[in-house]
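Right, one structure below, let's go through it.
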Amino acid sequence: MPVAEAAGAVALPDPDIVRVDNLVFDYPTQRALYGVSFEVSKGSVTALVGPNGAGKTTLMRCMAALETPFAGRVTIGGEDVHEDPRASHRQIGYLSDFFGLYDDLTVNQCLRHAAAMHGLSRNEERAAVDRVVDLLDLKDLAVKKAGEMSRGQRQRLGIAQAIIHDPPMVLLDEPASGLDPLARQSLSALLLRLRERGMTLIVSSHILAELEDYSSHALVLDQGKLVDHRPLTGETSHVRLRLDVVESTDALTAFLKARTGIDELVLDDAGATFRALRDVGFRRDLLRDLVGVGVPVIGLKEEMLGLREIYREVAAGKGAGS
């Protein structure tokens with residue numbers, strides 16, 4: 001069953017499932033968000049990254065209609081989430097960094113309570129519990145009390161509660177915090193399954209390497225400002241290319257520096273890295289001309305720009321401008 005048609009979910013007419021327009025949020029003594037604007041496409045997984053105090057949690061709580069911004073708006077399917085927060089919660093699943101569970105309730109009881117809080121009927125409730133128990137591998141823990149579960153098991157239960165109503169949008173704040181490597185690997189696989197079901201996710205985390213395993217986009221905040229928002233899956237018009245050669249020569253350096261269409265050129269002893277148009281013809285002509293001038297080419301390949309590289313770029317740009 002498509003997510004938007006499931007019990008409790010609301011069909012979204014807008015393919016841009018979330019739009020944040022000029023969002024400003026103030027705490028009593030400081031501004032936390034400065035005119036943040038972006039769009040998130042349906043079916044994407046956006047990695048929300050930035051240093052401590054960047055405004056990530058504040059942004060997610062505003063998007064979940066748990067905080068009211070000073071200015072700006074958040075819309076889902078064209079509807080402002082702050083005009084009717086309760087209705088918007090039927091479209092949003094949210095798991096905070098520090099979430100609570102009813103320790104004396106079993107897994108099944110926790111899930112039934114979460115389903116009832118979202119207004120699901122008894123029949124919908126049973127179907128929803130069966131679905132998330134299977135999806136999050138909680139079947140063997142169904143009668144175990146939340147207070148007796150491990151950190152990884154509690155995290156899975158927290159996510160199960162957040163998606164019990166099958167929302168099209170899911171916001172997860174530091175879901176991998178405190179998990180061991182095996183539990184984090186299991187979490188990565190789970191988030192990919194949620195995306196395959198059609199859910200759109202925004203995930204905040206400091207573990208950049210693992211975010212790369214399942215994220216399609218990166219959104220970088222710093223000091224309450226949006227400093228970068230880009231795809232990670234090769235959806236841009238330009239790509240980063242890596243040229244490997246037997247040995248670097250002055251002729252190669254002169255050739256690449258003079259070549260039209262090459263930007264951000266970085267040379268080293270084994271070749272070069274640069275940005276160029278996503279164009280097969282450009283690569284073909286480049287290789288042909290390199291061989292023609294006697295450059296001993298080993299290969300030319302596209303390099304994906306990962307979150308760590310993006311983060312380094314943003315940090316370098318910040319330092320250059322300070």
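Following the order of the structure tokens, chains are lettered A, B, ..., residues in each are numbered from 1, and ligands are numbered from 1.
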All strand (DSSP E) positions in region 32-68 of chain A, as a PyMOL selection string: chain A and resi 32-40+45-49
Pick from A:Gly152, A:Gly198, A:Gly261, A:Pro85 nearest to Gly43 (chain A), counting only C-alpha atoms: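 Distance minimum relative to Gly43 (chain A) lands on A:Gly198.
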Residues near region 117-120 of chain A, cut-off 9 Å, only C-alpha atoms, skip fewer than 3 positions along chain, as a list in words: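 My reading of the contact set: Ala7, Gly8, His89, Arg90, Arg112, His113, Ala114, Asn123, Glu124, Glu125, Ala128, Ile164 and His165 of chain A.
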For Ile310 (chain A), the nearest of the candidates A:Asp134, A:Glu212, A:Asp244, A:Glu67, counting only C-alpha atoms: A:Glu212
So that I can see what lies close to region 249-255 of chain A, please list as a PDB file with all heavy atoms, in the first residue's frame the residues with an atom at most 8 Å from it, counting only C-alpha atoms and leaving out residues fewer than 5 positions away in the same chain.
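Final output, saved to selection16.pdb:
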```
ATOM      1  N   LEU A 267      46.205  19.335  -8.688  1.00  0.00           N
ATOM      2  CA  LEU A 267      47.198  18.431  -9.264  1.00  0.00           C
ATOM      3  C   LEU A 267      47.988  17.722  -8.167  1.00  0.00           C
ATOM      4  O   LEU A 267      48.207  18.278  -7.092  1.00  0.00           O
ATOM      5  CB  LEU A 267      48.154  19.211 -10.166  1.00  0.00           C
ATOM      6  CG  LEU A 267      47.526  19.796 -11.449  1.00  0.00           C
ATOM      7  CD1 LEU A 267      48.249  21.043 -11.875  1.00  0.00           C
ATOM      8  CD2 LEU A 267      47.533  18.752 -12.557  1.00  0.00           C
ATOM      9  N   LEU A 290      44.538  14.034 -24.472  1.00  0.00           N
ATOM     10  CA  LEU A 290      45.627  13.711 -23.560  1.00  0.00           C
ATOM     11  C   LEU A 290      46.559  12.662 -24.162  1.00  0.00           C
ATOM     12  O   LEU A 290      47.790  12.798 -24.111  1.00  0.00           O
ATOM     13  CB  LEU A 290      45.061  13.213 -22.226  1.00  0.00           C
ATOM     14  CG  LEU A 290      44.496  14.271 -21.273  1.00  0.00           C
ATOM     15  CD1 LEU A 290      43.698  13.611 -20.153  1.00  0.00           C
ATOM     16  CD2 LEU A 290      45.622  15.133 -20.689  1.00  0.00           C
ATOM     17  N   VAL A 295      50.424  12.048 -22.944  1.00  0.00           N
ATOM     18  CA  VAL A 295      50.244  11.864 -21.504  1.00  0.00           C
ATOM     19  C   VAL A 295      49.915  10.387 -21.242  1.00  0.00           C
ATOM     20  O   VAL A 295      48.981   9.841 -21.828  1.00  0.00           O
ATOM     21  CB  VAL A 295      49.120  12.764 -20.967  1.00  0.00           C
ATOM     22  CG1 VAL A 295      48.844  12.447 -19.505  1.00  0.00           C
ATOM     23  CG2 VAL A 295      49.484  14.232 -21.143  1.00  0.00           C
TER      24      VAL A 295
END
```
Could you build a table of the residues in region 60-109 of chain A lying no more than 6 Å from region 170-177 of chain A, giving for each the nearest pair of atoms and their separation in Å rounded to one decimal place, using only C-alpha atoms, ordered by chain and ascending residue number, as a Markdown table?
```
| residue | atom | partner | partner_atom | distance |
| --- | --- | --- | --- | --- |
| A:Ile92 | CA | A:Val170 | CA | 5.6 |
| A:Gly93 | CA | A:Val170 | CA | 4.4 |
| A:Tyr94 | CA | A:Leu171 | CA | 4.7 |
| A:Leu95 | CA | A:Leu172 | CA | 5.0 |
| A:Ser96 | CA | A:Asp173 | CA | 5.1 |
| A:Asp97 | CA | A:Asp173 | CA | 4.9 |
```
d(CA of Leu111 (chain A), CA of Ser88 (chain A)) in Å: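 Taking CA of Leu111 (chain A) as the start and CA of Ser88 (chain A) as the end point, the length is 20.0 Å.
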Each residue of region 50-160 of chain A lying at most 12 Å from region 182-188 of chain A should get a row with its shortest atom-to-atom pair and the distance in Å to one decimal, counting only C-alpha atoms; could you produce that, ordered by chain and increasing number, as a tab-separated table?
```
residue	atom	partner	partner_atom	distance
A:Leu135	CA	A:Leu187	CA	11.6
A:Leu136	CA	A:Leu187	CA	9.2
A:Asp137	CA	A:Ser186	CA	10.1
A:Ser150	CA	A:Ala183	CA	10.4
A:Arg151	CA	A:Ala183	CA	9.0
A:Gly152	CA	A:Ala183	CA	5.8
A:Gln153	CA	A:Ala183	CA	8.7
A:Arg154	CA	A:Ala183	CA	11.0
A:Gln155	CA	A:Leu187	CA	8.9
A:Arg156	CA	A:Leu187	CA	8.0
A:Leu157	CA	A:Leu187	CA	11.7
A:Gly158	CA	A:Leu187	CA	12.0
A:Ile159	CA	A:Leu187	CA	9.9
A:Ala160	CA	A:Leu187	CA	11.9
```
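When only C-alpha atoms are used to compute distances to Ala146 (chain A), the closest of the residues A:Glu83, A:Glu302, A:Asp263, A:Asp103 turns out to be A:Asp103.
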Residue set, region 90-134 of chain A restricted to alpha helix (DSSP H), as an MDAnalysis selection string: chainID A and resid 107:117 122:134
Using only C-alpha atoms: which of A:Lys257, A:Leu243, A:Val293, A:Lys225 has the shortest distance to Pro51 (chain A):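 The answer is A:Lys225, which sits nearest to Pro51 (chain A).
Minimum atom-to-atom distance to Arg197 (chain A), evaluated using only C-alpha atoms, belongs to A:Ser44 out of A:Leu286, A:Leu232, A:Ser44, A:Asp130.
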